[in-house]
$ cat target.cif   # mmCIF, C-alpha atoms
data_input
#
loop_
_atom_site.label_atom_id
_atom_site.label_comp_id
_atom_site.auth_asym_id
_atom_site.auth_seq_id
_atom_site.Cartn_x
_atom_site.Cartn_y
_atom_site.Cartn_z
CA MET A 1220 -2.25 11.16 18.73
CA ALA A 1221 1.02 12.44 17.27
CA TYR A 1222 0.74 15.81 19.04
CA GLU A 1223 -0.19 14.10 22.29
CA ALA A 1224 2.81 11.79 21.98
CA VAL A 1225 5.12 14.81 22.08
CA GLU A 1226 3.31 16.16 25.13
CA HIS A 1227 3.13 12.77 26.86
CA PHE A 1228 6.82 11.90 26.51
CA PRO A 1229 8.68 15.07 27.55
CA GLY A 1230 12.44 14.72 27.41
CA LYS A 1231 12.31 11.76 25.00
CA THR A 1232 13.35 11.82 21.35
CA VAL A 1233 10.28 11.34 19.17
CA HIS A 1234 10.62 9.99 15.61
CA ILE A 1235 8.08 9.50 12.84
CA THR A 1236 8.63 7.07 9.97
CA ASN A 1237 7.12 9.35 7.30
CA GLU A 1238 4.81 12.34 6.85
CA LEU A 1239 1.90 11.88 9.24
CA ILE A 1240 -0.63 12.78 6.53
CA HIS A 1241 -0.51 14.66 3.21
CA ASN A 1242 -0.87 18.04 4.90
CA PRO A 1243 2.17 20.37 4.95
CA GLU A 1244 0.86 22.40 7.89
CA VAL A 1245 0.50 19.33 10.10
CA ASN A 1246 3.92 17.99 9.15
CA ASP A 1247 5.51 21.42 9.69
CA ASN A 1248 3.90 21.53 13.14
CA LEU A 1249 5.51 18.21 14.00
CA SER A 1250 8.90 19.46 12.81
CA ASN A 1251 8.48 22.56 14.96
CA MET A 1252 7.71 20.26 17.89
CA LYS A 1253 11.15 18.66 17.31
CA VAL A 1254 9.75 15.38 15.97
CA GLN A 1255 12.51 13.66 13.97
CA PHE A 1256 11.46 12.50 10.49
CA ILE A 1257 13.33 9.28 9.68
CA GLU A 1258 15.50 9.76 6.59
CA LYS A 1259 14.64 7.88 3.40
CA LEU A 1260 17.21 6.19 1.19
CA GLY A 1261 14.93 5.38 -1.75
CA ASP A 1262 13.21 2.16 -2.82
CA GLY A 1263 11.25 2.23 0.43
CA LYS A 1264 14.37 1.96 2.60
CA LYS A 1265 14.99 4.21 5.61
CA ILE A 1266 17.76 4.96 8.08
CA PHE A 1267 16.51 3.58 11.39
CA GLU A 1268 19.93 3.69 13.07
CA THR A 1269 19.00 7.08 14.53
CA VAL A 1270 16.33 5.39 16.68
CA GLN A 1271 17.78 4.55 20.08
CA ASP A 1272 16.52 2.52 23.04
CA GLY A 1273 13.95 4.47 25.01
CA ASP A 1274 12.91 6.67 22.06
CA VAL A 1275 9.36 7.13 20.83
CA VAL A 1276 8.38 6.20 17.25
CA ILE A 1277 5.18 7.40 15.60
CA LEU A 1278 3.76 5.28 12.77
CA PRO A 1279 1.93 7.58 10.32
CA ALA A 1280 -1.63 7.34 9.03
CA PHE A 1281 -0.31 5.47 5.97
CA GLY A 1282 1.00 2.73 8.26
CA ALA A 1283 4.41 1.07 8.16
CA SER A 1284 5.66 -1.99 6.35
CA TYR A 1285 5.72 -5.40 8.00
CA GLU A 1286 9.54 -5.29 7.99
CA GLU A 1287 9.61 -1.88 9.67
CA MET A 1288 7.19 -2.96 12.38
CA GLU A 1289 9.13 -6.17 12.95
CA TYR A 1290 12.37 -4.18 13.29
CA LEU A 1291 10.84 -1.70 15.74
CA ASP A 1292 9.23 -4.48 17.79
CA LYS A 1293 12.71 -5.79 18.53
CA LYS A 1294 13.90 -2.44 19.84
CA ASN A 1295 13.18 -0.95 23.25
CA VAL A 1296 11.01 1.89 21.96
CA GLU A 1297 7.54 3.26 22.58
CA ILE A 1298 5.28 2.89 19.51
CA VAL A 1299 2.49 5.36 18.81
CA ASP A 1300 0.42 3.82 15.99
CA THR A 1301 -1.72 6.32 14.09
CA THR A 1302 -2.43 3.97 11.17
CA CYS A 1303 -5.77 4.86 9.58
CA PRO A 1304 -8.44 2.15 10.04
CA TRP A 1305 -9.09 2.26 6.29
CA VAL A 1306 -5.46 1.38 5.63
CA SER A 1307 -5.76 -1.54 8.04
CA LYS A 1308 -8.84 -2.64 6.10
CA VAL A 1309 -6.74 -2.80 2.93
CA TRP A 1310 -4.16 -4.94 4.73
CA ASN A 1311 -6.91 -7.33 5.84
CA THR A 1312 -8.13 -7.49 2.25
CA VAL A 1313 -4.76 -8.42 0.74
CA ASP A 1314 -4.28 -10.96 3.52
CA MET A 1315 -7.56 -12.56 2.41
CA HIS A 1316 -6.30 -12.55 -1.18
CA GLN A 1317 -3.22 -14.49 -0.14
CA LYS A 1318 -5.22 -17.03 1.85
CA LYS A 1319 -7.45 -17.65 -1.17
CA GLY A 1320 -4.50 -18.01 -3.53
CA LEU A 1321 -5.14 -14.74 -5.36
CA THR A 1322 -2.63 -12.27 -6.71
CA SER A 1323 -3.28 -8.81 -5.29
CA ILE A 1324 -3.72 -6.05 -7.82
CA ILE A 1325 -3.07 -2.79 -6.00
CA HIS A 1326 -4.44 0.40 -7.54
CA GLY A 1327 -1.75 2.74 -6.27
CA LYS A 1328 1.72 4.17 -6.75
CA TYR A 1329 4.28 1.48 -5.98
CA ALA A 1330 6.66 3.91 -4.23
CA HIS A 1331 3.99 5.58 -2.07
CA GLU A 1332 4.42 5.01 1.67
CA GLU A 1333 1.01 3.39 2.05
CA THR A 1334 1.44 1.04 -0.91
CA VAL A 1335 4.93 0.06 0.27
CA ALA A 1336 3.32 -0.95 3.57
CA THR A 1337 0.43 -2.78 1.88
CA VAL A 1338 2.57 -4.90 -0.47
CA SER A 1339 4.72 -5.98 2.49
CA PHE A 1340 1.70 -8.08 3.53
CA CYS A 1341 1.42 -9.70 0.07
CA GLU A 1342 3.12 -12.72 -1.43
CA ASP A 1343 2.16 -12.03 -5.05
CA TYR A 1344 1.16 -8.57 -6.24
CA ILE A 1345 1.25 -6.06 -9.06
CA CYS A 1346 0.65 -2.31 -8.69
CA VAL A 1347 -1.18 -0.27 -11.34
CA LYS A 1348 -1.16 3.50 -10.91
CA ASP A 1349 -3.88 4.40 -13.43
CA MET A 1350 -6.30 3.19 -16.10
CA LYS A 1351 -3.54 2.92 -18.71
CA GLU A 1352 -1.53 0.45 -16.63
CA ALA A 1353 -4.68 -1.44 -15.65
CA GLU A 1354 -5.53 -1.79 -19.35
CA MET A 1355 -2.05 -3.21 -20.00
CA VAL A 1356 -2.59 -5.89 -17.35
CA VAL A 1357 -6.12 -6.65 -18.56
CA ASP A 1358 -4.87 -7.01 -22.13
CA TYR A 1359 -2.20 -9.48 -20.97
CA ILE A 1360 -4.81 -11.50 -19.04
CA VAL A 1361 -7.10 -11.79 -22.06
CA ASN A 1362 -4.65 -11.92 -24.95
CA GLY A 1363 -1.25 -12.77 -23.50
CA GLY A 1364 1.71 -10.90 -24.94
CA ASP A 1365 5.39 -10.13 -24.70
CA LYS A 1366 6.25 -11.36 -21.21
CA GLU A 1367 9.72 -9.81 -21.17
CA ALA A 1368 8.42 -6.37 -22.20
CA PHE A 1369 5.59 -6.62 -19.68
CA MET A 1370 7.95 -7.44 -16.83
CA THR A 1371 10.41 -4.74 -17.87
CA TYR A 1372 7.64 -2.16 -17.60
CA PHE A 1373 6.31 -3.44 -14.24
CA ALA A 1374 9.69 -4.46 -12.79
CA LYS A 1375 9.43 -2.14 -9.77
CA ALA A 1376 5.70 -2.67 -9.32
CA THR A 1377 5.60 -6.46 -8.87
CA SER A 1378 6.51 -9.01 -6.23
CA LYS A 1379 9.76 -10.95 -6.44
CA GLY A 1380 9.56 -13.78 -8.98
CA PHE A 1381 6.33 -12.45 -10.48
CA ASP A 1382 5.11 -14.50 -13.46
CA PRO A 1383 2.22 -12.89 -15.39
CA ASP A 1384 1.46 -16.16 -17.17
CA THR A 1385 0.55 -17.94 -13.93
CA MET A 1386 -0.14 -15.17 -11.41
CA LEU A 1387 -2.82 -13.26 -13.30
CA THR A 1388 -5.32 -16.11 -13.59
CA LYS A 1389 -6.84 -15.44 -10.14
CA VAL A 1390 -6.70 -11.87 -8.83
CA GLY A 1391 -8.13 -9.65 -6.13
CA LEU A 1392 -8.33 -5.86 -6.18
CA ALA A 1393 -7.25 -3.52 -3.39
CA ASN A 1394 -6.15 0.08 -3.46
CA GLN A 1395 -4.09 2.86 -2.01
CA THR A 1396 -6.82 4.59 -0.01
CA THR A 1397 -5.98 8.04 -1.38
CA MET A 1398 -6.66 7.10 -5.01
CA TYR A 1399 -9.84 8.35 -6.68
CA LYS A 1400 -12.86 6.16 -5.95
CA LYS A 1401 -14.24 6.52 -9.48
CA GLU A 1402 -11.00 5.30 -11.05
CA THR A 1403 -10.61 2.33 -8.66
CA ARG A 1404 -14.17 1.22 -9.41
CA ALA A 1405 -13.60 1.55 -13.15
CA ILE A 1406 -10.43 -0.53 -12.86
CA GLY A 1407 -12.34 -3.15 -10.89
CA GLN A 1408 -14.98 -3.39 -13.62
CA MET A 1409 -12.23 -3.86 -16.21
CA PHE A 1410 -10.76 -6.82 -14.34
CA GLN A 1411 -14.18 -8.33 -13.70
CA LYS A 1412 -15.02 -8.15 -17.42
CA ALA A 1413 -11.59 -9.55 -18.33
CA MET A 1414 -12.16 -12.60 -16.14
CA MET A 1415 -15.63 -13.13 -17.62
CA LYS A 1416 -14.16 -12.96 -21.11
CA LYS A 1417 -11.30 -15.29 -20.20
CA PHE A 1418 -13.14 -17.85 -18.07
CA GLY A 1419 -16.83 -17.26 -18.77
CA PRO A 1420 -19.55 -15.67 -16.62
CA VAL A 1421 -19.99 -18.70 -14.35
CA GLU A 1422 -16.35 -19.40 -13.51
CA SER A 1423 -15.26 -15.74 -13.38
CA LYS A 1424 -16.34 -15.40 -9.76
CA ASN A 1425 -13.60 -17.87 -8.84
CA HIS A 1426 -10.98 -15.73 -10.59
CA TYR A 1427 -11.77 -12.22 -9.34
CA MET A 1428 -12.48 -10.77 -5.88
CA GLU A 1429 -13.12 -7.18 -4.86
CA PHE A 1430 -13.84 -5.35 -1.61
CA ASP A 1431 -14.52 -1.64 -1.10
CA THR A 1432 -11.39 -0.31 0.59
CA ILE A 1433 -11.66 3.31 -0.56
CA CYS A 1434 -11.51 6.00 2.12
CA ASP A 1435 -14.33 8.50 1.51
CA ALA A 1436 -12.53 11.22 3.49
CA THR A 1437 -9.81 11.47 0.85
CA GLN A 1438 -12.40 12.04 -1.89
CA VAL A 1439 -13.69 15.31 -0.38
CA CYS A 1440 -12.21 18.70 -1.20
CA ILE A 1441 -12.86 21.45 1.36
#
$ encode --input "target.cif" --output "structure tokens"
Amino acid sequence: MAYEAVEHFPGKTVHITNELIHNPEVNDNLSNMKVQFIEKLGDGKKIFETVQDGDVVILPAFGASYEEMEYLDKKNVEIVDTTCPWVSKVWNTVDMHQKKGLTSIIHGKYAHEETVATVSFCEDYICVKDMKEAEMVVDYIVNGGDKEAFMTYFAKATSKGFDPDTMLTKVGLANQTTMYKKETRAIGQMFQKAMMKKFGPVESKNHYMEFDTICDATQVCI
């Protein structure tokens, strides 16, 4: 779709909001085709001022944040959306979490393009990048702890106004689709067991929700 966009819009400036996929050859090809990669400022912010009316903007396989899509919708640009269906499935999952009053626990790297997009669809969330961080959250759920120290550690990985004392009583698990399936499943089991320990085996189902949002394609090495 990205290659075809360049061919289909000759004479137009084509931008892309991030790497199309984690493949240097593909991204180098796009650069050689004069696709403009939108500059990042850090903390998930980008310089969109280079996008002008009439330009073409490609959304990568990782998707784009709600705020980015809202901004681009207001401009007179052509959108080529290559968002992976598995990423969209994650967005649908966290949307369900919010509707059910659950805090989304995202197994992913908080600064990764896909996770930045995913959390933009959440009201309450916390990101855990690995088993160690998941264990920290599970321990807080079961045993409580030093709230200030907890929030200092997860300051960049939580939603605004996050309160672990109230927002970790009902949680749902989602993931960055490129994380390892085995690790995401192990993290899910940890949270399920934590809720059983905290609320008992009968009530735990009302405090934890999980859907399979792992992309099998990212688990295969060729």
$ resolve_selection --input "target.cif" --expression "the PyMOL selection byres ((chain A and resi 1382-1388) around 7)" --output "list in words"
Thr1322, Ile1360, Gly1380, Phe1381, Lys1389, Val1390 and His1426 of chain A
$ closest_residue --input "target.cif" --among "A:Gly1230, A:Tyr1329, A:Gln1395, A:Met1350" --to "Ala1374 of chain A" --atoms "only C-alpha atoms"
A:Tyr1329
$ residues_around --input "target.cif" --residues "Gln1271 of chain A" --least-positions-apart "5" --cutoff "10 Å" --atoms "all atoms listed in the file" --output "VMD selection string"
chain A and resid 1232 1276 1294 to 1296
$ closest_residue --input "target.cif" --among "A:Gly1273, A:Gly1327, A:Gly1320, A:Gly1407" --to "Asp1343 of chain A" --atoms "all atoms listed in the file"
A:Gly1320
$ closest_atom_pairs --input "target.cif" --of "segment 1312-1412 of chain A" --to "segment 1234-1253 of chain A" --cutoff "12 Å" --atoms "only C-alpha atoms" --output "JSON lines"
{"residue": "A:His1331", "atom": "CA", "partner": "A:Asn1237", "partner_atom": "CA", "distance": 10.6}
{"residue": "A:Glu1332", "atom": "CA", "partner": "A:Asn1237", "partner_atom": "CA", "distance": 7.6}
{"residue": "A:Glu1333", "atom": "CA", "partner": "A:Asn1237", "partner_atom": "CA", "distance": 10.0}
{"residue": "A:Val1335", "atom": "CA", "partner": "A:Asn1237", "partner_atom": "CA", "distance": 11.9}
{"residue": "A:Ala1336", "atom": "CA", "partner": "A:Thr1236", "partner_atom": "CA", "distance": 11.6}
{"residue": "A:Thr1397", "atom": "CA", "partner": "A:His1241", "partner_atom": "CA", "distance": 9.7}
$ resolve_selection --input "target.cif" --expression "the PyMOL selection byres ((chain A and resi 1353) around 12)" --output "ChimeraX atom specification"
/A:1324-1327,1345-1352,1354-1360,1373,1392,1402-1411,1413
$ residues_around --input "target.cif" --residues "Phe1228 of chain A" --least-positions-apart "5" --cutoff "12 Å" --atoms "all atoms listed in the file" --output "list in words"
Met1220, Ala1221, Tyr1222, Glu1223, Val1233, His1234, Val1254, Gly1273, Asp1274, Val1275, Val1276, Ile1277, Val1296, Glu1297, Ile1298 and Val1299 of chain A
$ write_last_selection --input "target.cif" --atoms "C-alpha atoms" --output "compact mmCIF listing (two decimals), keeping the file's coordinate frame"
# COMPACT_ATOMS: atom_id res chain seq x y z
CA MET A 1220 -2.25 11.16 18.73
CA ALA A 1221 1.02 12.44 17.27
CA TYR A 1222 0.74 15.81 19.04
CA GLU A 1223 -0.19 14.10 22.29
CA VAL A 1233 10.28 11.34 19.17
CA HIS A 1234 10.62 9.99 15.61
CA VAL A 1254 9.75 15.38 15.97
CA GLY A 1273 13.95 4.47 25.01
CA ASP A 1274 12.91 6.67 22.06
CA VAL A 1275 9.36 7.13 20.83
CA VAL A 1276 8.38 6.20 17.25
CA ILE A 1277 5.18 7.40 15.60
CA VAL A 1296 11.01 1.89 21.96
CA GLU A 1297 7.54 3.26 22.58
CA ILE A 1298 5.28 2.89 19.51
CA VAL A 1299 2.49 5.36 18.81
$ atom_distance --input "target.cif" --atom1 "atom CA of Thr1302 of chain A" --atom2 "atom CA of Gly1282 of chain A"
4.7 Å
$ closest_residue --input "target.cif" --among "A:Lys1417, A:Leu1260, A:Ala1283, A:Gly1391" --to "Gly1363 of chain A" --atoms "all atoms listed in the file"
A:Lys1417
$ closest_residue --input "target.cif" --among "A:Phe1267, A:Thr1334, A:Leu1321, A:Lys1231" --to "Phe1281 of chain A" --atoms "all atoms listed in the file"
A:Thr1334
$ closest_residue --input "target.cif" --among "A:His1227, A:Glu1342, A:Val1306, A:Lys1328" --to "Ala1280 of chain A" --atoms "only C-alpha atoms"
A:Val1306
$ closest_residue --input "target.cif" --among "A:Pro1279, A:Tyr1285, A:Tyr1290, A:Tyr1427" --to "Ile1266 of chain A" --atoms "only C-alpha atoms"
A:Tyr1290
$ atom_distance --input "target.cif" --atom1 "atom CA of Met1398 of chain A" --atom2 "atom CA of Glu1422 of chain A"
29.5 Å
$ atom_distance --input "target.cif" --atom1 "atom CA of Trp1305 of chain A" --atom2 "atom CA of Thr1396 of chain A"
7.1 Å
$ resolve_selection --input "target.cif" --expression "the PyMOL selection byres ((chain A and resi 1340) around 8)" --output "VMD selection string"
chain A and resid 1284 to 1285 1310 1313 to 1314 1336 to 1339 1341 to 1342
